[in-house]
>>> print(open('coords_19.pdb').read())   # PDB, N, CA and C atoms
ATOM      1  N   MET L   1     115.835  52.124 378.391
ATOM      2  CA  MET L   1     115.992  53.506 378.021
ATOM      3  C   MET L   1     117.096  53.581 376.969
ATOM      4  N   ALA L   2     116.744  54.099 375.810
ATOM      5  CA  ALA L   2     117.699  54.205 374.714
ATOM      6  C   ALA L   2     118.178  55.644 374.581
ATOM      7  N   GLN L   3     119.390  55.801 374.105
ATOM      8  CA  GLN L   3     119.926  57.141 373.876
ATOM      9  C   GLN L   3     120.351  57.254 372.423
ATOM     10  N   VAL L   4     119.914  58.332 371.780
ATOM     11  CA  VAL L   4     120.262  58.577 370.379
ATOM     12  C   VAL L   4     120.738  60.013 370.238
ATOM     13  N   THR L   5     121.454  60.279 369.161
ATOM     14  CA  THR L   5     121.902  61.647 368.896
ATOM     15  C   THR L   5     120.791  62.421 368.196
ATOM     16  N   ILE L   6     120.955  63.728 368.130
ATOM     17  CA  ILE L   6     119.958  64.564 367.455
ATOM     18  C   ILE L   6     119.847  64.161 365.989
ATOM     19  N   HIS L   7     120.960  63.881 365.356
ATOM     20  CA  HIS L   7     120.936  63.465 363.944
ATOM     21  C   HIS L   7     120.145  62.166 363.772
ATOM     22  N   GLU L   8     120.385  61.192 364.647
ATOM     23  CA  GLU L   8     119.634  59.929 364.573
ATOM     24  C   GLU L   8     118.149  60.165 364.832
ATOM     25  N   ALA L   9     117.849  61.076 365.752
ATOM     26  CA  ALA L   9     116.449  61.372 366.053
ATOM     27  C   ALA L   9     115.757  61.990 364.843
ATOM     28  N   LYS L  10     116.440  62.889 364.141
ATOM     29  CA  LYS L  10     115.861  63.488 362.927
ATOM     30  C   LYS L  10     115.618  62.426 361.869
ATOM     31  N   THR L  11     116.561  61.525 361.724
ATOM     32  CA  THR L  11     116.477  60.503 360.684
ATOM     33  C   THR L  11     115.401  59.463 360.982
ATOM     34  N   HIS L  12     115.243  59.087 362.236
ATOM     35  CA  HIS L  12     114.350  57.985 362.611
ATOM     36  C   HIS L  12     113.232  58.428 363.560
ATOM     37  N   LEU L  13     112.744  59.638 363.402
ATOM     38  CA  LEU L  13     111.771  60.184 364.345
ATOM     39  C   LEU L  13     110.513  59.330 364.455
ATOM     40  N   SER L  14     109.951  58.900 363.335
ATOM     41  CA  SER L  14     108.701  58.125 363.402
ATOM     42  C   SER L  14     108.911  56.803 364.139
ATOM     43  N   GLN L  15     110.047  56.160 363.939
ATOM     44  CA  GLN L  15     110.329  54.912 364.656
ATOM     45  C   GLN L  15     110.525  55.170 366.155
ATOM     46  N   LEU L  16     111.167  56.283 366.494
ATOM     47  CA  LEU L  16     111.360  56.622 367.903
ATOM     48  C   LEU L  16     110.024  56.930 368.571
ATOM     49  N   ILE L  17     109.139  57.576 367.841
ATOM     50  CA  ILE L  17     107.805  57.852 368.382
ATOM     51  C   ILE L  17     107.068  56.547 368.654
ATOM     52  N   GLN L  18     107.145  55.604 367.743
ATOM     53  CA  GLN L  18     106.492  54.306 367.949
ATOM     54  C   GLN L  18     107.058  53.604 369.183
ATOM     55  N   ARG L  19     108.356  53.676 369.365
ATOM     56  CA  ARG L  19     108.971  53.057 370.542
ATOM     57  C   ARG L  19     108.510  53.746 371.827
ATOM     58  N   ALA L  20     108.397  55.075 371.777
ATOM     59  CA  ALA L  20     107.923  55.818 372.950
ATOM     60  C   ALA L  20     106.474  55.463 373.255
ATOM     61  N   LEU L  21     105.647  55.321 372.227
ATOM     62  CA  LEU L  21     104.254  54.931 372.428
ATOM     63  C   LEU L  21     104.142  53.533 373.020
ATOM     64  N   ALA L  22     105.136  52.703 372.758
ATOM     65  CA  ALA L  22     105.156  51.345 373.307
ATOM     66  C   ALA L  22     105.641  51.334 374.758
ATOM     67  N   GLY L  23     106.013  52.510 375.290
ATOM     68  CA  GLY L  23     106.400  52.588 376.692
ATOM     69  C   GLY L  23     107.875  52.818 376.952
ATOM     70  N   GLU L  24     108.667  52.891 375.916
ATOM     71  CA  GLU L  24     110.107  53.073 376.090
ATOM     72  C   GLU L  24     110.442  54.558 376.227
ATOM     73  N   GLU L  25     111.420  54.874 377.056
ATOM     74  CA  GLU L  25     111.910  56.246 377.162
ATOM     75  C   GLU L  25     113.103  56.394 376.229
ATOM     76  N   ILE L  26     113.076  57.435 375.415
ATOM     77  CA  ILE L  26     114.156  57.698 374.472
ATOM     78  C   ILE L  26     114.838  58.992 374.901
ATOM     79  N   ILE L  27     116.140  58.950 375.103
ATOM     80  CA  ILE L  27     116.918  60.134 375.447
ATOM     81  C   ILE L  27     117.603  60.624 374.177
ATOM     82  N   ILE L  28     117.438  61.910 373.894
ATOM     83  CA  ILE L  28     118.101  62.514 372.736
ATOM     84  C   ILE L  28     119.253  63.348 373.278
ATOM     85  N   ALA L  29     120.437  63.095 372.725
ATOM     86  CA  ALA L  29     121.646  63.733 373.238
ATOM     87  C   ALA L  29     122.286  64.621 372.185
ATOM     88  N   ARG L  30     122.869  65.705 372.665
ATOM     89  CA  ARG L  30     123.703  66.557 371.812
ATOM     90  C   ARG L  30     125.132  66.140 372.134
ATOM     91  N   GLY L  31     125.734  65.454 371.182
ATOM     92  CA  GLY L  31     127.036  64.855 371.459
ATOM     93  C   GLY L  31     126.821  63.714 372.435
ATOM     94  N   LYS L  32     127.428  63.805 373.601
ATOM     95  CA  LYS L  32     127.219  62.776 374.626
ATOM     96  C   LYS L  32     126.363  63.288 375.783
ATOM     97  N   GLU L  33     125.931  64.542 375.689
ATOM     98  CA  GLU L  33     125.149  65.134 376.778
ATOM     99  C   GLU L  33     123.652  64.982 376.517
ATOM    100  N   PRO L  34     122.928  64.275 377.383
ATOM    101  CA  PRO L  34     121.479  64.136 377.212
ATOM    102  C   PRO L  34     120.792  65.497 377.361
ATOM    103  N   VAL L  35     119.892  65.805 376.419
ATOM    104  CA  VAL L  35     119.209  67.098 376.473
ATOM    105  C   VAL L  35     117.683  66.977 376.464
ATOM    106  N   VAL L  36     117.149  65.879 375.924
ATOM    107  CA  VAL L  36     115.696  65.737 375.801
ATOM    108  C   VAL L  36     115.306  64.296 376.091
ATOM    109  N   LYS L  37     114.148  64.136 376.755
ATOM    110  CA  LYS L  37     113.592  62.800 376.969
ATOM    111  C   LYS L  37     112.298  62.709 376.167
ATOM    112  N   LEU L  38     112.195  61.703 375.321
ATOM    113  CA  LEU L  38     111.003  61.481 374.505
ATOM    114  C   LEU L  38     110.182  60.375 375.164
ATOM    115  N   VAL L  39     108.994  60.743 375.647
ATOM    116  CA  VAL L  39     108.085  59.776 376.266
ATOM    117  C   VAL L  39     106.680  60.021 375.739
ATOM    118  N   ALA L  40     105.847  59.012 375.804
ATOM    119  CA  ALA L  40     104.461  59.147 375.357
ATOM    120  C   ALA L  40     103.687  60.004 376.353
ATOM    121  N   VAL L  41     102.739  60.759 375.841
ATOM    122  CA  VAL L  41     101.871  61.581 376.680
ATOM    123  C   VAL L  41     100.788  60.680 377.258
ATOM    124  N   ALA L  42     100.567  60.790 378.555
ATOM    125  CA  ALA L  42      99.528  59.985 379.205
ATOM    126  C   ALA L  42      98.158  60.451 378.731
ATOM    127  N   LYS L  43      97.285  59.498 378.473
ATOM    128  CA  LYS L  43      95.932  59.844 378.057
ATOM    129  C   LYS L  43      95.207  60.481 379.235
ATOM    130  N   PRO L  44      94.495  61.566 378.984
ATOM    131  CA  PRO L  44      93.755  62.180 380.090
ATOM    132  C   PRO L  44      92.608  61.283 380.533
ATOM    133  N   LYS L  45      92.348  61.281 381.838
ATOM    134  CA  LYS L  45      91.241  60.486 382.352
ATOM    135  C   LYS L  45      89.932  61.130 381.934
ATOM    136  N   ARG L  46      88.981  60.304 381.574
ATOM    137  CA  ARG L  46      87.660  60.803 381.215
ATOM    138  C   ARG L  46      86.966  61.314 382.454
ATOM    139  N   GLN L  47      86.470  62.519 382.370
ATOM    140  CA  GLN L  47      85.755  63.063 383.512
ATOM    141  C   GLN L  47      84.369  62.455 383.576
ATOM    142  N   ARG L  48      83.965  62.122 384.787
ATOM    143  CA  ARG L  48      82.627  61.570 384.982
ATOM    144  C   ARG L  48      81.645  62.724 385.030
ATOM    145  N   ARG L  49      80.544  62.561 384.334
ATOM    146  CA  ARG L  49      79.521  63.595 384.317
ATOM    147  C   ARG L  49      78.285  63.084 385.029
ATOM    148  N   LEU L  50      77.719  63.931 385.858
ATOM    149  CA  LEU L  50      76.512  63.563 386.575
ATOM    150  C   LEU L  50      75.324  63.584 385.629
ATOM    151  N   GLY L  51      74.375  62.730 385.896
ATOM    152  CA  GLY L  51      73.152  62.717 385.105
ATOM    153  C   GLY L  51      73.260  61.972 383.795
ATOM    154  N   MET L  52      74.236  61.103 383.664
ATOM    155  CA  MET L  52      74.424  60.390 382.403
ATOM    156  C   MET L  52      73.661  59.067 382.365
ATOM    157  N   ALA L  53      72.878  58.756 383.403
ATOM    158  CA  ALA L  53      72.117  57.510 383.417
ATOM    159  C   ALA L  53      70.671  57.787 383.841
ATOM    160  N   PRO L  54      69.959  58.628 383.106
ATOM    161  CA  PRO L  54      68.593  58.952 383.530
ATOM    162  C   PRO L  54      67.666  57.741 383.511
ATOM    163  N   HIS L  55      67.984  56.735 382.706
ATOM    164  CA  HIS L  55      67.164  55.525 382.650
ATOM    165  C   HIS L  55      67.312  54.671 383.917
ATOM    166  N   ALA L  56      68.347  54.930 384.710
ATOM    167  CA  ALA L  56      68.601  54.132 385.900
ATOM    168  C   ALA L  56      67.998  54.752 387.162
ATOM    169  N   ILE L  57      67.324  55.868 387.022
ATOM    170  CA  ILE L  57      66.725  56.527 388.184
ATOM    171  C   ILE L  57      65.462  55.783 388.592
ATOM    172  N   ILE L  58      65.361  55.492 389.879
ATOM    173  CA  ILE L  58      64.150  54.843 390.384
ATOM    174  C   ILE L  58      63.496  55.769 391.405
ATOM    175  N   TYR L  59      62.217  55.642 391.535
ATOM    176  CA  TYR L  59      61.466  56.456 392.484
ATOM    177  C   TYR L  59      60.901  55.546 393.566
ATOM    178  N   ILE L  60      60.970  55.999 394.803
ATOM    179  CA  ILE L  60      60.478  55.235 395.942
ATOM    180  C   ILE L  60      59.273  55.975 396.513
ATOM    181  N   ALA L  61      58.227  55.227 396.802
ATOM    182  CA  ALA L  61      57.006  55.817 397.353
ATOM    183  C   ALA L  61      57.286  56.442 398.715
ATOM    184  N   ASP L  62      56.509  57.461 399.054
ATOM    185  CA  ASP L  62      56.691  58.144 400.336
ATOM    186  C   ASP L  62      56.471  57.206 401.519
ATOM    187  N   ASP L  63      55.596  56.211 401.362
ATOM    188  CA  ASP L  63      55.306  55.288 402.462
ATOM    189  C   ASP L  63      56.096  53.979 402.342
ATOM    190  N   PHE L  64      57.222  54.033 401.699
ATOM    191  CA  PHE L  64      58.035  52.835 401.464
ATOM    192  C   PHE L  64      58.376  52.100 402.761
ATOM    193  N   ASP L  65      58.746  52.845 403.785
ATOM    194  CA  ASP L  65      59.174  52.199 405.024
ATOM    195  C   ASP L  65      58.049  52.077 406.063
ATOM    196  N   ALA L  66      56.835  52.314 405.660
ATOM    197  CA  ALA L  66      55.690  52.145 406.571
ATOM    198  C   ALA L  66      55.410  50.657 406.755
ATOM    199  N   PRO L  67      54.916  50.248 407.928
ATOM    200  CA  PRO L  67      54.622  48.824 408.158
ATOM    201  C   PRO L  67      53.544  48.323 407.191
ATOM    202  N   LEU L  68      53.680  47.094 406.752
ATOM    203  CA  LEU L  68      52.706  46.490 405.847
ATOM    204  C   LEU L  68      51.514  45.970 406.646
ATOM    205  N   ASP L  69      50.329  46.083 406.069
ATOM    206  CA  ASP L  69      49.115  45.603 406.742
ATOM    207  C   ASP L  69      49.175  44.100 407.000
ATOM    208  N   ASP L  70      49.799  43.359 406.109
ATOM    209  CA  ASP L  70      49.878  41.908 406.256
ATOM    210  C   ASP L  70      50.679  41.483 407.489
ATOM    211  N   PHE L  71      51.542  42.344 407.974
ATOM    212  CA  PHE L  71      52.381  42.002 409.116
ATOM    213  C   PHE L  71      51.884  42.630 410.419
ATOM    214  N   ALA L  72      50.685  43.187 410.421
ATOM    215  CA  ALA L  72      50.156  43.867 411.610
ATOM    216  C   ALA L  72      50.078  42.928 412.808
ATOM    217  N   GLU L  73      49.723  41.670 412.596
ATOM    218  CA  GLU L  73      49.603  40.737 413.718
ATOM    219  C   GLU L  73      50.956  40.380 414.324
ATOM    220  N   TYR L  74      52.042  40.592 413.607
ATOM    221  CA  TYR L  74      53.374  40.280 414.123
ATOM    222  C   TYR L  74      54.024  41.470 414.817
ATOM    223  N   MET L  75      53.438  42.624 414.682
ATOM    224  CA  MET L  75      54.007  43.846 415.253
ATOM    225  C   MET L  75      53.590  43.966 416.719
ATOM    226  N   PRO L  76      54.458  44.436 417.581
ATOM    227  CA  PRO L  76      54.110  44.571 419.006
ATOM    228  C   PRO L  76      53.131  45.706 419.246
TER     229      PRO L  76
END
>>> encode(input="coords_19.pdb", output="structure tokens")
Amino acid sequence: MAQVTIHEAKTHLSQLIQRALAGEEIIIARGKEPVVKLVAVAKPKRQRRLGMAPHAIIYIADDFDAPLDDFAEYMP
């Protein structure tokens, strides 16, 4: 965590932004008193949308779980 004065922040703002984007917290102070924390904004999570894979939908026959004729002799 680095601390800089307001004057230094004005002079080197783009460099401080790059450091914040890299994960560093930058404290901006008025004199020796910290007044602002510069941190990167977290990226919002992508919302999942229903129905985005229509090609993956499969259909099952109504008699899917009915006994097979080939296995009739094995059934009690």
>>> axis_aligned_box(input="coords_19.pdb", around="segment 4-16 of chain L", padding_each_side="4 Å", output="lines of an AutoDock Vina configuration file")
center_x = 115.3
center_y = 59.7
center_z = 366.2
size_x = 21.2
size_y = 17.7
size_z = 19.1
>>> select_by_dssp(input="coords_19.pdb", residues="chain L", states="alpha helix (DSSP H)", output="ChimeraX atom specification")
/L:6-11,13-21
>>> resolve_selection(input="coords_19.pdb", expression="the PyMOL selection byres (((chain L and resi 41-52 and name CA) around 12) and name CA)", output="ChimeraX atom specification")
/L:17,20-25,37-40,53-57
>>> residues_near_point(input="coords_19.pdb", point="(125.4, 66.6, 371.5)", cutoff="10 Å", atoms="only C-alpha atoms", output="ChimeraX atom specification")
/L:4-7,28-35
>>> select_by_dssp(input="coords_19.pdb", residues="segment 2-45 of chain L", states="strand (DSSP E)", output="list in words")
Ala2, Gln3, Val4, Thr5, Ile26, Ile27, Ile28, Ala29, Arg30, Glu33, Pro34, Val35, Val36, Lys37 and Leu38 of chain L
>>> atom_distance(input="coords_19.pdb", atom1="atom CA of Thr11 of chain L", atom2="atom CA of Val36 of chain L")
16.0 Å
>>> closest_residue(input="coords_19.pdb", among="L:Leu13, L:Glu8, L:Phe71, L:Ala2", to="Ile26 of chain L", atoms="only C-alpha atoms")
L:Ala2
>>> atom_distance(input="coords_19.pdb", atom1="atom C of Gln3 of chain L", atom2="atom CA of Leu16 of chain L")
10.1 Å
>>> atom_distance(input="coords_19.pdb", atom1="atom N of Arg19 of chain L", atom2="atom CA of Met1 of chain L")
11.5 Å
